[in-house]
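Quick look at upload-v5.txt (compact mmCIF, C-alpha atoms and all ligand atoms):
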# COMPACT_ATOMS: atom_id res chain seq x y z
CA MET A 538 230.25 250.74 -78.03
CA ASN A 539 226.74 249.92 -79.23
CA LEU A 540 223.76 249.80 -76.85
CA GLU A 541 223.91 246.05 -76.31
CA GLU A 542 227.61 246.20 -75.41
CA LEU A 543 227.00 249.14 -73.09
CA LEU A 544 224.14 247.31 -71.37
CA THR A 545 226.20 244.11 -71.11
CA ARG A 546 229.01 246.00 -69.40
CA THR A 547 226.66 247.88 -67.11
CA ARG A 548 226.63 245.37 -64.27
CA SER A 549 226.05 246.04 -60.60
CA ILE A 550 229.53 246.71 -59.24
CA ARG A 551 229.92 246.56 -55.46
CA ARG A 552 233.72 246.56 -54.98
CA PHE A 553 235.78 249.50 -56.19
CA ARG A 554 239.33 250.74 -56.59
CA GLN A 555 240.05 253.75 -54.47
CA GLU A 556 242.16 255.49 -57.16
CA PRO A 557 241.24 257.45 -59.11
CA ALA A 558 238.30 258.62 -57.04
CA VAL A 559 235.24 259.95 -58.85
CA GLU A 560 235.20 263.74 -59.06
CA GLU A 561 232.24 266.03 -58.57
CA LYS A 562 232.33 267.24 -62.18
CA THR A 563 231.77 263.63 -63.33
CA LEU A 564 228.77 263.32 -61.00
CA ILE A 565 227.35 266.53 -62.46
CA GLU A 566 227.81 265.16 -65.99
CA LEU A 567 225.97 261.98 -64.99
CA VAL A 568 223.08 263.89 -63.44
CA SER A 569 222.98 266.08 -66.54
CA LEU A 570 222.20 262.94 -68.60
CA THR A 571 218.98 262.45 -66.61
CA ARG A 572 217.67 265.77 -67.97
CA LEU A 573 217.17 263.89 -71.23
CA CYS A 574 215.07 261.11 -69.68
CA GLY A 575 211.35 260.64 -69.87
CA SER A 576 209.33 261.65 -66.82
CA ALA A 577 205.69 260.89 -66.00
CA GLY A 578 203.63 263.92 -67.02
CA ASN A 579 207.01 265.59 -67.63
CA ARG A 580 206.93 266.73 -64.00
CA GLN A 581 210.70 266.09 -63.59
CA PRO A 582 210.41 265.85 -59.80
CA LEU A 583 213.76 264.20 -59.10
CA LYS A 584 216.66 265.91 -57.35
CA TYR A 585 220.14 264.49 -56.71
CA VAL A 586 222.42 264.75 -53.71
CA LEU A 587 226.07 264.29 -54.68
CA SER A 588 228.88 262.96 -52.55
CA CYS A 589 232.54 262.40 -53.36
CA ASP A 590 233.93 263.50 -50.03
CA PRO A 591 235.44 260.59 -48.01
CA GLU A 592 233.77 261.70 -44.73
CA ARG A 593 230.35 262.09 -46.31
CA ASN A 594 230.81 258.83 -48.24
CA ARG A 595 231.51 257.01 -44.98
CA ALA A 596 228.36 258.45 -43.43
CA ILE A 597 226.22 257.44 -46.44
CA PHE A 598 227.73 253.94 -46.56
CA ALA A 599 226.52 253.24 -43.02
CA HIS A 600 222.89 253.41 -44.21
CA LEU A 601 223.13 250.98 -47.14
CA ARG A 602 222.55 247.21 -47.39
CA TRP A 603 224.56 245.22 -49.92
CA ALA A 604 223.86 242.09 -51.97
CA ALA A 605 221.28 240.35 -49.77
CA ALA A 606 221.82 237.07 -51.67
CA LEU A 607 225.51 236.94 -50.66
CA GLN A 608 224.72 236.00 -47.11
CA ASP A 609 228.31 235.67 -45.90
CA TRP A 610 229.32 239.02 -47.32
CA PRO A 611 228.54 242.12 -45.27
CA GLY A 612 229.31 244.52 -48.13
CA PRO A 613 232.47 246.17 -49.43
CA ALA A 614 235.28 246.37 -46.90
CA GLU A 615 237.34 249.47 -46.18
CA GLY A 616 239.60 249.94 -49.23
CA GLU A 617 237.04 248.64 -51.72
CA ARG A 618 234.12 250.97 -51.02
CA PRO A 619 232.49 253.38 -53.52
CA THR A 620 234.32 256.67 -53.97
CA ALA A 621 231.13 258.56 -54.79
CA TYR A 622 227.37 258.44 -54.35
CA ILE A 623 224.37 259.99 -56.00
CA VAL A 624 221.27 259.95 -53.81
CA ILE A 625 218.11 260.22 -55.91
CA VAL A 626 215.31 261.97 -54.06
CA GLY A 627 211.78 262.94 -55.08
CA ASP A 628 210.59 266.51 -54.52
CA THR A 629 207.10 266.12 -53.05
CA ARG A 630 206.30 269.77 -53.85
CA ILE A 631 206.55 268.90 -57.53
CA ALA A 632 204.87 265.47 -57.44
CA LYS A 633 203.43 263.04 -54.91
CA ASP A 634 204.03 259.97 -57.05
CA PHE A 635 207.37 259.52 -58.80
CA HIS A 636 206.18 256.55 -60.90
CA CYS A 637 209.28 254.87 -62.35
CA ASP A 638 211.18 258.11 -63.04
CA HIS A 639 213.91 257.15 -60.56
CA GLY A 640 214.42 253.71 -62.18
CA ILE A 641 214.96 255.37 -65.55
CA ALA A 642 217.28 257.94 -64.02
CA ALA A 643 219.28 255.29 -62.16
CA GLN A 644 219.84 253.19 -65.26
CA THR A 645 220.78 256.29 -67.27
CA ILE A 646 223.40 257.28 -64.70
CA LEU A 647 224.81 253.74 -64.58
CA LEU A 648 225.04 253.62 -68.38
CA GLY A 649 226.83 256.99 -68.35
CA ALA A 650 229.16 255.69 -65.64
CA THR A 651 230.06 252.60 -67.69
CA GLU A 652 230.71 254.79 -70.73
CA ARG A 653 233.23 256.70 -68.62
CA GLY A 654 235.03 253.57 -67.37
CA LEU A 655 233.24 253.68 -64.04
CA GLY A 656 230.83 251.24 -62.45
CA GLY A 657 228.12 251.36 -59.85
CA CYS A 658 225.21 249.78 -58.11
CA THR A 659 221.62 250.85 -57.57
CA ILE A 660 220.71 250.51 -53.92
CA ALA A 661 217.12 250.50 -52.71
CA SER A 662 217.77 248.78 -49.42
CA ILE A 663 218.42 251.93 -47.44
CA ASP A 664 217.92 253.08 -43.87
CA ARG A 665 216.02 256.10 -45.18
CA VAL A 666 215.40 257.78 -41.85
CA GLY A 667 219.06 257.53 -40.90
CA LEU A 668 220.27 258.70 -44.31
CA ALA A 669 217.89 261.68 -44.32
CA GLN A 670 219.33 262.72 -40.93
CA THR A 671 222.90 262.25 -42.15
CA LEU A 672 222.23 264.41 -45.21
CA ASN A 673 220.19 267.04 -43.31
CA LEU A 674 217.57 266.43 -45.97
CA PRO A 675 214.49 268.69 -45.73
CA THR A 676 211.26 266.69 -45.24
CA ARG A 677 209.88 267.72 -48.63
CA TYR A 678 212.34 265.30 -50.25
CA GLU A 679 211.74 261.54 -50.32
CA ILE A 680 214.77 259.28 -50.61
CA LEU A 681 214.17 256.93 -53.57
CA LEU A 682 217.46 255.28 -54.51
CA VAL A 683 221.17 255.56 -53.84
CA LEU A 684 223.73 254.99 -56.60
CA ALA A 685 227.15 253.84 -55.41
CA LEU A 686 229.88 254.70 -57.90
CA GLY A 687 233.60 254.25 -58.53
CA VAL A 688 236.22 252.55 -60.67
CA PRO A 689 235.28 248.83 -60.76
CA GLY A 690 237.41 246.60 -58.57
CA GLU A 691 235.66 243.32 -59.34
CA THR A 692 234.72 241.15 -62.30
CA VAL A 693 231.05 240.52 -62.97
CA VAL A 694 229.92 238.07 -65.66
CA LEU A 695 226.50 237.30 -67.07
CA GLU A 696 225.09 233.77 -67.18
CA HIS A 697 222.74 233.67 -70.15
CA GLY A 698 219.62 231.55 -70.19
CA THR A 699 220.01 230.63 -66.54
CA SER A 700 217.06 231.21 -64.26
CA PRO A 701 217.65 233.41 -61.21
CA ASP A 702 214.78 231.65 -59.41
CA ASN A 703 217.00 229.48 -57.22
CA VAL A 704 220.14 231.59 -56.91
CA PRO A 705 219.75 235.27 -57.90
CA TYR A 706 223.54 235.70 -58.22
CA TRP A 707 226.68 234.18 -56.75
CA ARG A 708 230.40 234.74 -56.27
CA ASP A 709 232.82 231.94 -57.17
CA ALA A 710 236.05 230.86 -55.43
CA ASP A 711 238.04 233.39 -57.54
CA GLY A 712 235.79 236.24 -56.40
CA VAL A 713 234.07 236.56 -59.79
CA HIS A 714 230.43 237.63 -59.43
CA HIS A 715 227.96 235.72 -61.65
CA VAL A 716 224.58 237.13 -62.69
CA PRO A 717 222.02 234.81 -64.33
CA LYS A 718 219.66 236.34 -66.90
CA ARG A 719 216.51 234.67 -68.18
CA ALA A 720 216.28 233.66 -71.85
CA VAL A 721 214.17 235.97 -74.00
CA GLU A 722 211.66 233.15 -74.63
CA GLU A 723 210.92 233.23 -70.91
CA LEU A 724 210.14 236.95 -71.04
CA ILE A 725 207.60 236.94 -73.85
CA LEU A 726 204.06 235.93 -72.90
CA ARG A 727 202.31 234.23 -75.75
CA LEU A 728 198.59 234.38 -75.12
CA PRO A 729 195.89 232.61 -77.12
CA GLU A 730 194.88 234.89 -79.98
CA LYS A 731 191.64 233.15 -80.80
CA SER A 732 188.65 232.98 -78.52
CA LEU A 733 186.96 229.60 -78.17
CA THR A 734 183.62 231.30 -77.59
CA ASP A 735 181.02 229.97 -80.03
CA GLU A 736 177.29 230.43 -80.68
CA GLU A 737 176.50 228.16 -77.72
CA GLY A 738 178.49 230.20 -75.25
CA SER A 739 181.84 230.64 -73.59
CA PRO A 740 184.71 228.10 -73.57
CA GLN A 741 184.36 225.23 -71.14
CA PRO A 742 187.02 223.65 -68.94
CA LEU A 743 187.65 220.06 -69.93
CA VAL A 744 190.50 218.94 -67.74
CA SER A 745 193.12 220.34 -65.41
CA LEU A 746 196.79 219.35 -65.47
CA ALA A 747 199.86 220.00 -63.40
CA THR A 748 202.13 221.25 -66.17
CA GLU A 749 201.96 223.18 -69.45
CA ALA A 750 203.63 220.26 -71.24
CA GLU A 751 200.90 217.83 -70.17
CA ALA A 752 198.18 220.28 -71.17
CA ALA A 753 199.90 220.80 -74.54
CA SER A 754 199.87 217.03 -75.19
CA ILE A 755 196.11 216.90 -74.55
CA VAL A 756 195.54 219.95 -76.79
CA ALA A 757 197.54 218.23 -79.54
CA ALA A 758 195.67 214.92 -79.11
CA LEU A 759 192.32 216.75 -79.33
CA ALA A 760 193.50 218.66 -82.42
CA GLU A 761 194.24 215.29 -84.08
CA ARG A 762 190.56 214.46 -83.53
CA GLY A 763 189.46 217.78 -85.01
CA ILE A 764 188.65 219.38 -81.66
CA GLU A 765 190.03 222.84 -81.07
CA ALA A 766 191.34 223.35 -77.54
CA GLN A 767 193.52 225.77 -75.62
CA ALA A 768 195.69 225.42 -72.53
CA LEU A 769 194.94 228.18 -70.06
CA GLU A 770 197.30 228.93 -67.23
CA GLY A 771 196.03 230.65 -64.15
CA THR A 772 195.13 229.56 -60.67
CA ALA A 773 192.48 232.27 -60.20
CA PHE A 774 190.40 230.78 -62.98
CA ALA A 775 191.14 227.23 -61.80
CA GLY A 776 189.61 228.15 -58.45
CA THR A 777 186.39 229.45 -59.95
CA ILE A 778 185.80 226.19 -61.83
CA GLY A 779 186.86 223.85 -59.07
CA LEU A 780 189.89 222.39 -60.83
CA ASP A 781 193.13 222.14 -58.89
CA GLY A 782 195.80 221.80 -61.59
CA ALA A 783 197.95 224.68 -62.77
CA VAL A 784 196.82 224.52 -66.40
CA GLN A 785 193.31 224.00 -67.73
CA VAL A 786 192.43 222.66 -71.15
CA MET A 787 189.48 224.62 -72.53
CA VAL A 788 187.22 223.63 -75.40
CA LYS A 789 184.30 225.19 -77.26
CA GLN A 790 180.95 224.54 -75.64
CA ALA A 791 179.72 222.77 -78.77
CA ASP A 792 182.72 220.40 -78.60
CA LEU A 793 182.47 219.59 -74.91
CA GLN A 794 180.81 216.17 -75.17
CA ARG A 795 183.05 215.08 -78.04
CA ALA A 796 186.08 216.29 -76.14
CA LYS A 797 185.05 214.34 -73.03
CA GLN A 798 184.72 211.22 -75.12
CA ALA A 799 188.10 211.82 -76.72
CA LEU A 800 189.58 212.28 -73.27
CA GLU A 801 188.12 208.94 -72.14
CA GLU A 802 189.60 207.27 -75.21
CA LEU A 803 192.95 208.85 -74.46
CA GLN A 804 192.70 207.63 -70.89
CA LYS A 805 192.05 204.07 -72.07
CA GLY A 806 194.79 204.18 -74.68
CA ALA A 807 198.53 204.45 -74.29
CA SER A 808 199.67 207.78 -72.96
CA ASP A 809 202.68 209.20 -71.13
CA LEU A 810 200.39 211.01 -68.73
CA ASP A 811 200.01 209.95 -65.13
CA TRP A 812 196.19 210.02 -65.08
CA SER A 813 196.04 209.75 -61.31
CA GLU A 814 197.38 213.33 -61.29
CA VAL A 815 194.85 214.62 -63.81
CA ASP A 816 191.83 216.46 -62.49
CA VAL A 817 188.81 215.91 -64.74
CA GLY A 818 186.43 218.53 -63.38
CA GLU A 819 182.74 218.88 -63.97
CA ALA A 820 182.15 221.81 -66.30
CA GLU A 821 179.54 224.39 -65.41
CA GLU A 822 176.80 224.72 -67.98
CA ASN A 823 176.63 228.48 -68.19
CA GLY A 824 177.62 229.33 -64.66
CA GLU A 825 180.87 230.49 -63.18
CA ALA A 826 182.95 229.94 -66.28
CA GLU A 827 180.60 232.30 -68.06
CA GLU A 828 181.05 234.79 -65.25
CA TYR A 829 184.82 234.62 -65.70
CA ASN A 830 184.43 235.44 -69.35
CA ASP A 831 182.10 238.32 -68.60
CA GLU A 832 184.74 239.67 -66.23
CA ASN A 833 187.35 239.38 -68.95
CA GLN A 834 185.10 241.09 -71.42
CA ARG A 835 184.46 243.91 -68.93
CA ALA A 836 188.20 244.38 -68.44
CA THR A 837 188.68 244.50 -72.21
CA ASP A 838 185.79 246.95 -72.62
CA GLU A 839 187.22 249.22 -69.94
CA LYS A 840 190.60 249.28 -71.65
CA SER A 841 189.30 249.99 -75.10
C1 LIG B 1 215.66 248.77 -58.12
C2 LIG B 1 216.93 248.06 -57.71
C3 LIG B 1 217.26 247.97 -56.37
C4 LIG B 1 218.44 247.34 -55.99
N1 LIG B 1 218.80 247.35 -54.67
C5 LIG B 1 219.98 246.80 -54.31
C6 LIG B 1 220.42 246.89 -52.94
O1 LIG B 1 219.72 247.41 -52.09
N2 LIG B 1 221.62 246.37 -52.63
C7 LIG B 1 222.43 245.78 -53.57
O2 LIG B 1 223.53 245.34 -53.23
N3 LIG B 1 222.04 245.67 -54.88
C8 LIG B 1 220.84 246.17 -55.26
N4 LIG B 1 220.45 246.12 -56.58
C9 LIG B 1 221.30 245.47 -57.57
C10 LIG B 1 220.70 244.12 -57.99
O3 LIG B 1 221.01 243.15 -57.01
C11 LIG B 1 221.28 243.73 -59.36
O4 LIG B 1 220.74 244.59 -60.32
C12 LIG B 1 220.98 242.28 -59.73
O5 LIG B 1 221.66 241.41 -58.87
C13 LIG B 1 221.36 241.96 -61.16
O6 LIG B 1 222.71 242.26 -61.39
P1 LIG B 1 223.09 243.25 -62.59
O7 LIG B 1 222.66 244.65 -62.16
O8 LIG B 1 224.58 243.13 -62.73
O9 LIG B 1 222.33 242.80 -63.80
C14 LIG B 1 219.27 246.74 -56.97
C15 LIG B 1 218.92 246.84 -58.31
C16 LIG B 1 217.77 247.49 -58.70
C17 LIG B 1 217.43 247.61 -60.17
Whole structure, structure tokens version:
Amino acid sequence: MNLEELLTRTRSIRRFRQEPAVEEKTLIELVSLTRLCGSAGNRQPLKYVLSCDPERNRAIFAHLRWAAALQDWPGPAEGERPTAYIVIVGDTRIAKDFHCDHGIAAQTILLGATERGLGGCTIASIDRVGLAQTLNLPTRYEILLVLALGVPGETVVLEHGTSPDNVPYWRDADGVHHVPKRAVEELILRLPEKSLTDEEGSPQPLVSLATEAEAASIVAALAERGIEAQALEGTAFAGTIGLDGAVQVMVKQADLQRAKQALEELQKGASDLDWSEVDVGEAEENGEAEEYNDENQRATDEKS
């Protein structure tokens, strides 16, 4: 199984077969994999509490919350519950901040579980006080995550290119669990590479639009007239320049008057845009927009 296949199969499993139950030696193997993981400052502050005993499992289960998006489902019923748990805790004597060590460890354990024909689910929604009492956990340990494990008893399928914004996941009439994943194009931020700053100063806001597509059409129309422009997303900036739309079209200071004229011509001519929705703001000469750019420059300077 290559990495992509392993990752594809490593879904959050929340319903399990009861036989065969996961054995302690398997849990130890899984924890052993985490020894190979990266750790911030190589502090390796994580410790793991193992459970494959039915009584202890029952006690741990009582402190976990399952699949918040499946509102009519209270979690796995008796007979489909995990047969083992690994509770990931942070040792505060080793580190005060565990960074994302526990996320890396959790994914590593789940990948190892899949490789062994098992499945599991990372659980962060935990009654931590109750679980610490149940486990008799000394106060130096902070409960970070619980991993529920067992032989999968449900089918989970990925929905590629579907946004999870409306429905994070769902279960169909046949009990199959569907998990939407965003398309890769949605994950990659493409930022303007070139600065529009020229000898006269920083870029100036020309117009504000509701959508990226509308802004892109203005940028293209300006380009046809030999005026370089960029669409800039970001409400924080919009606020500082008094424009309300989600996307601002920026131009070089030297091009501002020409760009305004071009915009007027576009407004008079045929266009798909609903101009009543377009916010043509008054650009600052060298005021707040300049300030924004100074801020940006400072942030860049600090990083470099
Ligand atoms: C950090 C983290 C915390 C999570 N907490 C919970 C939880 O408390 N309860 C639960 O049922 N699932 C939990 N999940 C599982 C997510 O709901 C699941 O990863 C998501 O629906 C995507 O499904 P997939 O893991 O199959 O890709 C958690 C996952 C992660 C990574």
Counting only C-alpha atoms and all ligand atoms, which residues in chain A sit no more than 6 Å from ligand LIG 1 (chain B)? For each one, give the nearest pair of atoms and the distance in Å, sorted by chain then residue number, as JSON lines.
{"residue": "A:Arg548", "atom": "CA", "partner": "B:LIG1", "partner_atom": "O8", "distance": 3.4}
{"residue": "A:Ser549", "atom": "CA", "partner": "B:LIG1", "partner_atom": "O8", "distance": 3.9}
{"residue": "A:Arg602", "atom": "CA", "partner": "B:LIG1", "partner_atom": "N2", "distance": 5.4}
{"residue": "A:Trp603", "atom": "CA", "partner": "B:LIG1", "partner_atom": "O2", "distance": 3.5}
{"residue": "A:Ala604", "atom": "CA", "partner": "B:LIG1", "partner_atom": "O2", "distance": 3.5}
{"residue": "A:Cys658", "atom": "CA", "partner": "B:LIG1", "partner_atom": "C9", "distance": 5.8}
{"residue": "A:Thr659", "atom": "CA", "partner": "B:LIG1", "partner_atom": "C14", "distance": 4.8}
{"residue": "A:Ile660", "atom": "CA", "partner": "B:LIG1", "partner_atom": "O1", "distance": 3.7}
{"residue": "A:Ala661", "atom": "CA", "partner": "B:LIG1", "partner_atom": "N1", "distance": 4.1}
{"residue": "A:Ser662", "atom": "CA", "partner": "B:LIG1", "partner_atom": "O1", "distance": 3.6}
{"residue": "A:Val716", "atom": "CA", "partner": "B:LIG1", "partner_atom": "O6", "distance": 5.6}
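Closest approach to Lys562 (chain A) among A:Ile631, A:Leu587, A:Leu726, A:Ala768 is made by A:Leu587 (distances from all atoms listed in the file).
Ranking A:Asp628, A:Leu573, A:Thr563, A:Pro689 by their shortest atom-to-atom distance to Pro613 (chain A), with all atoms listed in the file included, puts A:Pro689 first.
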Name the residues within 12 Å of (227.5, 240.7, -70.9), counting all atoms listed in the file in the file's coordinates, and put them as a VMD selection string. chain A and resid 540 to 549 692 to 697 715 to 718
Got a sec: who's within 12 Å of Leu674 (chain A), counting all atoms listed in the file, leaving out chain neighbours fewer than 3 positions off, as a ChimeraX atom specification? /A:584-586,624-628,665-671,677-680
Contact residues around region 785-798 of chain A with all atoms listed in the file at 8 Å, ignoring same-chain residues under 5 positions, as a PyMOL selection string: chain A and resi 733-735+737-746+752+755-756+759+764-770+775+780
Resulting file, chosen residues, C-alpha atoms, as a compact mmCIF listing (two decimals), in the coordinates of the input:
# COMPACT_ATOMS: atom_id res chain seq x y z
CA LEU A 733 186.96 229.60 -78.17
CA THR A 734 183.62 231.30 -77.59
CA ASP A 735 181.02 229.97 -80.03
CA GLU A 737 176.50 228.16 -77.72
CA GLY A 738 178.49 230.20 -75.25
CA SER A 739 181.84 230.64 -73.59
CA PRO A 740 184.71 228.10 -73.57
CA GLN A 741 184.36 225.23 -71.14
CA PRO A 742 187.02 223.65 -68.94
CA LEU A 743 187.65 220.06 -69.93
CA VAL A 744 190.50 218.94 -67.74
CA SER A 745 193.12 220.34 -65.41
CA LEU A 746 196.79 219.35 -65.47
CA ALA A 752 198.18 220.28 -71.17
CA ILE A 755 196.11 216.90 -74.55
CA VAL A 756 195.54 219.95 -76.79
CA LEU A 759 192.32 216.75 -79.33
CA ILE A 764 188.65 219.38 -81.66
CA GLU A 765 190.03 222.84 -81.07
CA ALA A 766 191.34 223.35 -77.54
CA GLN A 767 193.52 225.77 -75.62
CA ALA A 768 195.69 225.42 -72.53
CA LEU A 769 194.94 228.18 -70.06
CA GLU A 770 197.30 228.93 -67.23
CA ALA A 775 191.14 227.23 -61.80
CA LEU A 780 189.89 222.39 -60.83
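Put simply, CA of Ala632 (chain A) is 9.7 Å away from CA of Ala577 (chain A).
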What does the distance between CA of Arg618 (chain A) and CA of Arg552 (chain A) come to in Å, to one decimal place? 5.9 Å
The residue from A:Leu583, A:Ala605, A:Ala558, A:Leu682 with the smallest atom-to-atom distance to Asp634 (chain A), counting only C-alpha atoms, is A:Leu583
Pick out the residues sitting within 8 Å of Leu686 (chain A), and hand them over as a PyMOL selection string; count all atoms listed in the file, and ignore anything fewer than 4 positions along from it in its own chain. chain A and resi 559+619-623+650+655-658
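From CA of Glu560 (chain A) back to CA of Gly654 (chain A), the distance works out to 13.1 Å.
Using all atoms listed in the file, the smallest distance between any of A:Ala750, A:Leu607, A:Val568, A:Ala685 and Cys589 (chain A) comes from A:Ala685.
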Counting all atoms listed in the file, figure out which residue out of A:Asp590, A:Glu691, A:Glu566, A:Glu801 gets nearest to Arg554 (chain A). A:Glu691
